[in-house]
Amino acid sequence: MLKGLLVDYAGVLTDPDAHLLYDYLRAARARGTRTALVSNAPGAGPGAKAELAEYFDALVFSGEVGVAKPDREIYLIAAERLGLSAVTCAFVDDSARNVQGAADAGLVGIHHLSVPATLDELAALFS
């Protein structure tokens with residue numbers, strides 16, 4: 001059973017229909033799913049982090065943890081910050097290389113191609 005959802009920012013949460021993903025994240029957290037942002041960005045300012053806190057239990061930026069996607073360690077760090085094992089988490093990214101990195105770390109990988117397709121896959125996995 002999946003208990004955690006890790007999501008990339010650029011390419012996923014910047015999609016034109018990303019508001020639907022944000023709605024999903026809010027609802028998933030309300031149902032008890034733990035959520036994390038996993039980004040290869042150097043970090044984010046306090047204002048951005050405060051805005052993201054509404055949707056994520058943990059924020060993992062490669063510039064802050066010293067490892068970047070697709071290195072398996074960044075996914076393990078994110079799962080650990082959620083208090084979960086990697087095998088109980090799914091990861092969404094628009095880069096197939098990053099999805100493969102997550103799968104290599106034991107997570108369920110979801111290759112984001114469109115918001116509707118990603119939401120359908122999440123609904124099936126987190127039903």
# chains A, B, ... in the order shown; residues from 1 in each chain; ligands from 1
call {"tool": "residues_around", "arguments": {"residues": "A:Glu54", "least_positions_apart": "4", "cutoff": "10 Å", "atoms": "only C-alpha atoms", "output": "list in words"}}
result
Tyr22, Leu25, Arg26, Arg29, Lys49 and Ala50 of chain A
call {"tool": "residues_around", "arguments": {"residues": "stretch 31-35 of chain A", "least_positions_apart": "3", "cutoff": "7 Å", "atoms": "only C-alpha atoms", "output": "MDAnalysis selection string"}}
result
chainID A and resid 3:6 27:28 56:58 82
call {"tool": "closest_residue", "arguments": {"among": "A:Pro46, A:Gly83, A:Pro70, A:Pro116", "to": "A:Asp8", "atoms": "only C-alpha atoms"}}
result
A:Pro70
call {"tool": "closest_residue", "arguments": {"among": "A:Glu64, A:Asp71, A:Asp104, A:Asp23", "to": "A:Pro42", "atoms": "only C-alpha atoms"}}
result
A:Glu64
call {"tool": "select_by_dssp", "arguments": {"residues": "chain A", "states": "alpha helix (DSSP H)", "output": "PyMOL selection string"}}
result
chain A and resi 18-30+46-52+62-65+72-81+96-104+115-125
